[in-house]
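Below is the file work_7.txt, which contains compact mmCIF, C-alpha atoms.
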# COMPACT_ATOMS: atom_id res chain seq x y z
CA MET A 319 -1.35 -14.90 2.66
CA TRP A 320 -3.00 -11.62 1.85
CA CYS A 321 -6.26 -11.04 -0.02
CA VAL A 322 -7.59 -7.75 -1.39
CA LEU A 323 -11.04 -6.27 -0.94
CA LYS A 324 -12.23 -3.14 -2.76
CA CYS A 325 -14.59 -0.94 -0.74
CA ARG A 326 -16.91 1.88 -1.62
CA PRO A 327 -15.28 5.28 -1.10
CA GLY A 328 -15.15 6.22 2.58
CA LYS A 329 -16.22 2.77 3.82
CA ALA A 330 -12.81 1.11 4.41
CA GLU A 331 -12.59 1.82 8.17
CA GLU A 332 -16.17 0.72 8.73
CA ILE A 333 -15.65 -2.54 6.83
CA MET A 334 -12.37 -3.25 8.63
CA THR A 335 -14.06 -2.80 12.01
CA SER A 336 -16.96 -5.03 10.95
CA CYS A 337 -14.60 -7.75 9.67
CA ARG A 338 -12.65 -7.73 12.95
CA ARG A 339 -15.91 -8.09 14.87
CA ASN A 340 -17.71 -10.65 12.71
CA ILE A 341 -15.06 -12.96 11.21
CA SER A 342 -13.40 -15.47 13.50
CA ASP A 343 -9.70 -15.17 14.39
CA GLU A 344 -9.05 -18.64 12.94
CA ILE A 345 -10.03 -17.39 9.48
CA LEU A 346 -9.01 -13.71 9.61
CA ARG A 347 -5.58 -13.10 11.14
CA ASP A 348 -5.43 -9.38 10.36
CA VAL A 349 -7.17 -6.69 8.33
CA PHE A 350 -5.33 -3.48 7.41
CA VAL A 351 -4.71 -0.69 4.93
CA PHE A 352 -1.36 0.58 3.67
CA THR A 353 -0.44 4.21 4.31
CA TYR A 354 2.48 6.45 3.35
CA ASP A 355 3.92 9.76 4.51
CA ARG A 356 4.23 12.73 2.20
CA MET A 357 4.97 16.39 2.55
CA ARG A 358 2.40 19.01 1.63
CA ARG A 359 2.71 22.76 1.68
CA TYR A 360 -0.11 24.87 3.07
CA GLU A 361 -0.43 27.86 5.40
CA GLY A 362 3.07 28.93 4.35
CA SER A 363 4.97 25.86 5.55
CA TRP A 364 5.51 22.16 4.83
CA HIS A 365 3.48 19.60 6.77
CA LEU A 366 3.85 15.81 7.04
CA GLU A 367 0.65 14.02 6.02
CA THR A 368 -0.33 10.36 6.11
CA ARG A 369 -2.29 9.19 3.05
CA PRO A 370 -3.70 5.80 1.98
CA MET A 371 -1.36 4.01 -0.43
CA PHE A 372 -4.23 2.08 -2.07
CA PRO A 373 -7.37 4.20 -1.59
CA ASN A 374 -10.56 2.19 -1.01
CA TYR A 375 -8.70 -1.14 -0.74
CA ILE A 376 -8.29 -3.20 2.40
CA PHE A 377 -6.01 -6.19 2.84
CA LEU A 378 -7.00 -9.29 4.75
CA GLU A 379 -4.46 -11.80 6.07
CA THR A 380 -5.69 -15.38 6.18
CA GLY A 381 -4.55 -18.98 6.04
CA ASP A 382 -7.80 -20.18 4.47
CA PRO A 383 -8.95 -18.02 1.54
CA LYS A 384 -11.95 -20.25 0.73
CA ALA A 385 -13.40 -19.89 4.23
CA LEU A 386 -12.70 -16.15 4.15
CA TYR A 387 -14.48 -15.84 0.79
CA LYS A 388 -17.59 -17.47 2.30
CA GLN A 389 -17.49 -15.13 5.30
CA LEU A 390 -17.18 -12.09 3.01
CA GLU A 391 -20.36 -12.93 1.09
CA ALA A 392 -22.27 -10.82 3.63
CA TYR A 393 -20.27 -7.77 2.47
CA ARG A 394 -20.95 -8.20 -1.25
CA GLY A 395 -23.34 -5.24 -1.38
CA ILE A 396 -20.78 -2.72 -0.13
CA THR A 397 -17.55 -4.22 -1.50
CA GLU A 398 -16.09 -5.80 -4.61
CA LEU A 399 -14.60 -9.17 -3.78
CA LEU A 400 -12.20 -8.93 -6.76
CA ASP A 401 -12.79 -12.57 -7.43
CA GLU A 402 -11.42 -14.60 -10.28
CA ASN A 403 -13.72 -17.51 -11.14
CA GLY A 404 -15.24 -17.64 -7.66
CA LYS A 405 -11.93 -17.14 -5.83
CA LEU A 406 -10.82 -14.23 -3.71
CA ARG A 407 -8.03 -12.10 -5.26
CA ILE A 408 -4.83 -13.20 -3.55
CA VAL A 409 -1.78 -10.93 -3.46
CA GLN A 410 1.13 -12.57 -5.29
CA PRO A 411 3.96 -13.75 -2.97
CA GLU A 412 6.59 -11.45 -4.54
CA GLU A 413 4.26 -8.45 -4.19
CA GLU A 414 3.48 -9.37 -0.57
CA CYS A 415 7.19 -9.77 0.25
CA PHE A 416 8.00 -6.41 -1.37
CA LEU A 417 5.25 -4.60 0.56
CA ARG A 418 6.32 -6.24 3.84
CA ASP A 419 9.93 -5.13 3.27
CA LEU A 420 8.91 -1.63 2.23
CA CYS A 421 6.23 -0.89 4.85
CA GLY A 422 7.09 -3.18 7.77
CA GLU A 423 4.73 -4.62 10.34
CA GLN A 424 2.90 -1.29 10.71
CA HIS A 425 1.90 -1.31 6.98
CA HIS A 426 3.20 2.27 6.78
CA LEU A 427 5.75 3.75 4.36
CA GLU A 428 7.76 6.58 5.87
CA MET A 429 9.41 9.47 4.01
CA SER A 430 12.75 8.88 2.32
CA GLU A 431 15.49 11.35 1.52
CA GLY A 432 17.95 11.43 -1.34
CA TYR A 433 19.73 13.41 -4.01
CA ILE A 434 20.26 13.28 -7.77
CA LEU A 435 23.82 13.24 -9.07
CA ASN A 436 24.57 13.09 -12.82
CA GLY A 437 21.02 11.95 -13.53
CA MET A 438 21.19 9.05 -11.03
CA THR A 439 18.98 8.97 -7.94
CA HIS A 440 20.68 8.11 -4.64
CA ILE A 441 18.56 7.46 -1.56
CA ILE A 442 20.42 8.15 1.69
CA ARG A 443 17.70 7.67 4.31
CA GLY A 444 14.36 5.90 4.63
CA PRO A 445 12.68 2.72 3.36
CA LEU A 446 13.60 3.38 -0.30
CA VAL A 447 17.34 2.87 0.38
CA GLY A 448 18.57 0.28 -2.12
CA MET A 449 15.40 0.51 -4.23
CA GLU A 450 16.59 3.26 -6.58
CA ARG A 451 16.14 0.99 -9.62
CA ARG A 452 12.42 0.62 -8.83
CA ILE A 453 11.76 4.38 -8.90
CA ARG A 454 9.96 5.20 -12.16
CA ARG A 455 9.13 8.86 -11.64
CA ILE A 456 10.03 11.60 -9.14
CA ASP A 457 7.87 14.66 -8.58
CA ARG A 458 10.16 17.08 -6.77
CA HIS A 459 7.39 19.67 -6.41
CA LYS A 460 5.05 17.25 -4.58
CA ARG A 461 7.98 15.44 -2.91
CA THR A 462 6.81 12.02 -4.06
CA ALA A 463 8.12 9.12 -6.12
CA SER A 464 6.35 6.40 -8.10
CA VAL A 465 7.84 3.02 -7.21
CA ALA A 466 7.31 -0.16 -9.27
CA VAL A 467 5.86 -3.14 -7.42
CA PRO A 468 6.93 -6.62 -8.57
CA ASP A 469 3.54 -8.07 -9.50
CA GLY A 470 3.98 -9.83 -12.80
CA ASP A 471 2.89 -8.08 -15.99
CA GLN A 472 0.59 -5.43 -14.52
CA GLY A 473 3.29 -2.83 -13.81
CA ARG A 474 1.61 -1.43 -10.70
CA LEU A 475 3.12 1.71 -9.13
CA VAL A 476 2.83 2.90 -5.54
CA THR A 477 3.40 6.43 -4.33
CA ALA A 478 6.09 7.06 -1.74
CA GLY A 479 7.20 10.24 -0.02
CA LEU A 480 10.69 11.28 -1.27
CA GLU A 481 12.54 14.48 -0.44
CA ILE A 482 15.25 15.27 -2.99
CA THR A 483 17.66 17.61 -1.19
CA SER A 484 19.97 18.42 -4.11
CA LYS A 485 20.37 17.88 -7.82
CA ASN A 486 23.25 18.58 -10.19
Could you quickly redo this structure as structure tokens?
Amino acid sequence: MWCVLKCRPGKAEEIMTSCRRNISDEILRDVFVFTYDRMRRYEGSWHLETRPMFPNYIFLETGDPKALYKQLEAYRGITELLDENGKLRIVQPEEECFLRDLCGEQHHLEMSEGYILNGMTHIIRGPLVGMERRIRRIDRHKRTASVAVPDGDQGRLVTAGLEITSKN
């Protein structure tokens, strides 16, 4: 199961390295951040950039959230444990499954490509294939899409790179 830890701006890499070093492998299976690709235009041409999907948040994979919570007490000064009544914030199973399907084992969301025909979005290549119904907003200028994450009532959106090649 995954847990979420909010870090101070610019401290995510440092905290991830520290967690890998100081928390035992029996408690902490993995610590990671989600990233996504997007296109950005500068210097007269388009460039592929990798950006954090959830800035200042790190995800920790564990089988024992209580033991992990105790180990993370040392980080309380530089993080927010996002706890609910003394418990570490655990990612809901449907949200975890969705993010695993979307980003894979590398926790990285690649660019997708599609077109718009008669007001309907059709994705032809990339991880968003088959997820057209989850797209809430497309910004053709920035070449991004806002995708709904199944997480209960919160209505969380993630940004994904999406190139729309044609529209009619």
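Among the candidates A:Gln410, A:Ile482, A:Gln424, A:Thr335, the residue lying nearest to A:His440 is A:Ile482 (atoms considered: all atoms listed in the file).
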Item to check | From A:Ala466, A:Leu475, A:Leu346, A:Cys321, residue lying nearest A:Phe372 [all atoms listed in the file] | outcome: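 Ranked by minimum distance to A:Phe372, first place goes to A:Leu475.
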Checklist entry - Distance atom CA of A:Thr353-atom CA of A:Thr477, one decimal place? => result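 Those two atoms sit 9.7 Å apart.
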Show me, as lines of an AutoDock Vina configuration file, the centre and edge lengths in Å to one decimal of the axis-aligned box that covers every listed atom of stretch 447-458 of chain A with 8 Å on each side.
center_x = 13.2
center_y = 8.7
center_z = -5.9
size_x = 26.7
size_y = 32.8
size_z = 28.5
Item to check | Proximity to A:Val476 - best of A:Arg452, A:Arg339, A:Arg418, A:Lys460, all atoms listed in the file | outcome: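 Of all the options, A:Arg452 lies closest to A:Val476.
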Checklist entry - Do you know which residues are at most 10 Å from A:Arg474 counting all atoms listed in the file, after dropping those on the same chain fewer than 6 positions away, and could you put them as a list in words? => result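 Those residues are Glu413, Ser464, Val465, Ala466, Val467 and Pro468 of chain A.
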Item to check | Counting all atoms listed in the file, the residue of A:Ala385, A:Glu391, A:Thr397, A:Gly362 that sits nearest A:Pro327 | outcome: A:Thr397
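You will find atom CA of A:Ile453 at 15.5 Å from atom CA of A:Glu428.
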Item to check | Length of the atom CA of A:Leu323 to atom CA of A:Asp348 vector [Å] | outcome: 13.0 Å
Item to check | Nearest to A:Cys421, chosen from A:Cys337, A:Arg358, A:Ala478, A:Ala330, with only C-alpha atoms counted in the distances | outcome: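 Ranked by minimum distance to A:Cys421, first place goes to A:Ala478.
With all atoms listed in the file as the atoms that count, the minimum distance from A:Glu414 to the choices A:Pro370, A:Asp469, A:Lys485, A:Arg356 is reached by A:Asp469.
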Next on the checklist: So that I can see what lies close to A:Val409, please list as a list of chain:residue names the residues with an atom at most 10 Å from it, counting only C-alpha atoms and leaving out residues fewer than 5 positions away in the same chain.
Outcome noted: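 Skipping anything fewer than 5 positions along the chain leaves A:Met319, A:Trp320, A:Cys321, A:Val322, A:Phe377, A:Leu378, A:Glu379, A:Glu414, A:Cys415, A:Asp469.
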Please output stretch 402-433 of chain A, rebuilt to include N, CA and C atoms, as a tab-separated table (two decimals), in the coordinates of the input.
chain	number	residue	atom	x	y	z
A	402	GLU	N	-11.78	-14.03	-8.99
A	402	GLU	CA	-11.42	-14.60	-10.28
A	402	GLU	C	-11.98	-16.01	-10.32
A	403	ASN	N	-13.07	-16.20	-11.04
A	403	ASN	CA	-13.72	-17.51	-11.14
A	403	ASN	C	-14.12	-18.04	-9.77
A	404	GLY	N	-14.75	-17.19	-8.96
A	404	GLY	CA	-15.24	-17.64	-7.66
A	404	GLY	C	-14.17	-17.70	-6.59
A	405	LYS	N	-13.00	-17.14	-6.83
A	405	LYS	CA	-11.93	-17.14	-5.83
A	405	LYS	C	-11.61	-15.70	-5.44
A	406	LEU	N	-11.22	-15.53	-4.20
A	406	LEU	CA	-10.82	-14.23	-3.71
A	406	LEU	C	-9.48	-13.83	-4.32
A	407	ARG	N	-9.30	-12.57	-4.67
A	407	ARG	CA	-8.03	-12.10	-5.26
A	407	ARG	C	-6.94	-12.18	-4.21
A	408	ILE	N	-5.94	-12.99	-4.47
A	408	ILE	CA	-4.83	-13.20	-3.55
A	408	ILE	C	-3.63	-12.40	-4.04
A	409	VAL	N	-2.98	-11.70	-3.12
A	409	VAL	CA	-1.78	-10.93	-3.46
A	409	VAL	C	-0.66	-11.91	-3.77
A	410	GLN	N	0.04	-11.69	-4.87
A	410	GLN	CA	1.13	-12.57	-5.29
A	410	GLN	C	2.25	-12.55	-4.23
A	411	PRO	N	2.92	-13.68	-4.01
A	411	PRO	CA	3.96	-13.75	-2.97
A	411	PRO	C	5.07	-12.71	-3.12
A	412	GLU	N	5.52	-12.44	-4.37
A	412	GLU	CA	6.59	-11.45	-4.54
A	412	GLU	C	6.10	-10.04	-4.21
A	413	GLU	N	4.84	-9.75	-4.52
A	413	GLU	CA	4.26	-8.45	-4.19
A	413	GLU	C	4.10	-8.32	-2.67
A	414	GLU	N	3.64	-9.38	-2.02
A	414	GLU	CA	3.48	-9.37	-0.57
A	414	GLU	C	4.83	-9.18	0.13
A	415	CYS	N	5.85	-9.89	-0.33
A	415	CYS	CA	7.19	-9.77	0.25
A	415	CYS	C	7.72	-8.35	0.08
A	416	PHE	N	7.55	-7.78	-1.11
A	416	PHE	CA	8.00	-6.41	-1.37
A	416	PHE	C	7.31	-5.41	-0.44
A	417	LEU	N	5.99	-5.52	-0.29
A	417	LEU	CA	5.25	-4.60	0.56
A	417	LEU	C	5.61	-4.77	2.03
A	418	ARG	N	5.88	-6.01	2.45
A	418	ARG	CA	6.32	-6.24	3.84
A	418	ARG	C	7.68	-5.58	4.08
A	419	ASP	N	8.60	-5.74	3.14
A	419	ASP	CA	9.93	-5.13	3.27
A	419	ASP	C	9.84	-3.61	3.27
A	420	LEU	N	9.01	-3.08	2.40
A	420	LEU	CA	8.91	-1.63	2.23
A	420	LEU	C	8.19	-0.96	3.40
A	421	CYS	N	7.10	-1.55	3.86
A	421	CYS	CA	6.23	-0.89	4.85
A	421	CYS	C	6.34	-1.45	6.26
A	422	GLY	N	6.93	-2.61	6.43
A	422	GLY	CA	7.09	-3.18	7.77
A	422	GLY	C	5.80	-3.71	8.36
A	423	GLU	N	5.88	-4.03	9.64
A	423	GLU	CA	4.73	-4.62	10.34
A	423	GLU	C	3.60	-3.62	10.54
A	424	GLN	N	3.92	-2.32	10.50
A	424	GLN	CA	2.90	-1.29	10.71
A	424	GLN	C	2.13	-0.97	9.42
A	425	HIS	N	2.55	-1.55	8.29
A	425	HIS	CA	1.90	-1.31	6.98
A	425	HIS	C	1.93	0.18	6.64
A	426	HIS	N	3.05	0.82	6.98
A	426	HIS	CA	3.20	2.27	6.78
A	426	HIS	C	4.55	2.56	6.14
A	427	LEU	N	4.54	3.37	5.09
A	427	LEU	CA	5.75	3.75	4.36
A	427	LEU	C	6.15	5.16	4.76
A	428	GLU	N	7.28	5.28	5.41
A	428	GLU	CA	7.76	6.58	5.87
A	428	GLU	C	8.44	7.34	4.74
A	429	MET	N	8.70	8.62	4.98
A	429	MET	CA	9.41	9.47	4.01
A	429	MET	C	10.84	8.98	3.83
A	430	SER	N	11.35	9.15	2.62
A	430	SER	CA	12.75	8.88	2.32
A	430	SER	C	13.41	10.18	1.90
A	431	GLU	N	14.73	10.17	1.91
A	431	GLU	CA	15.49	11.35	1.52
A	431	GLU	C	16.61	10.93	0.60
A	432	GLY	N	16.89	11.76	-0.41
A	432	GLY	CA	17.95	11.43	-1.34
A	432	GLY	C	18.39	12.62	-2.14
A	433	TYR	N	19.24	12.35	-3.13
A	433	TYR	CA	19.73	13.41	-4.01
A	433	TYR	C	19.90	12.82	-5.40
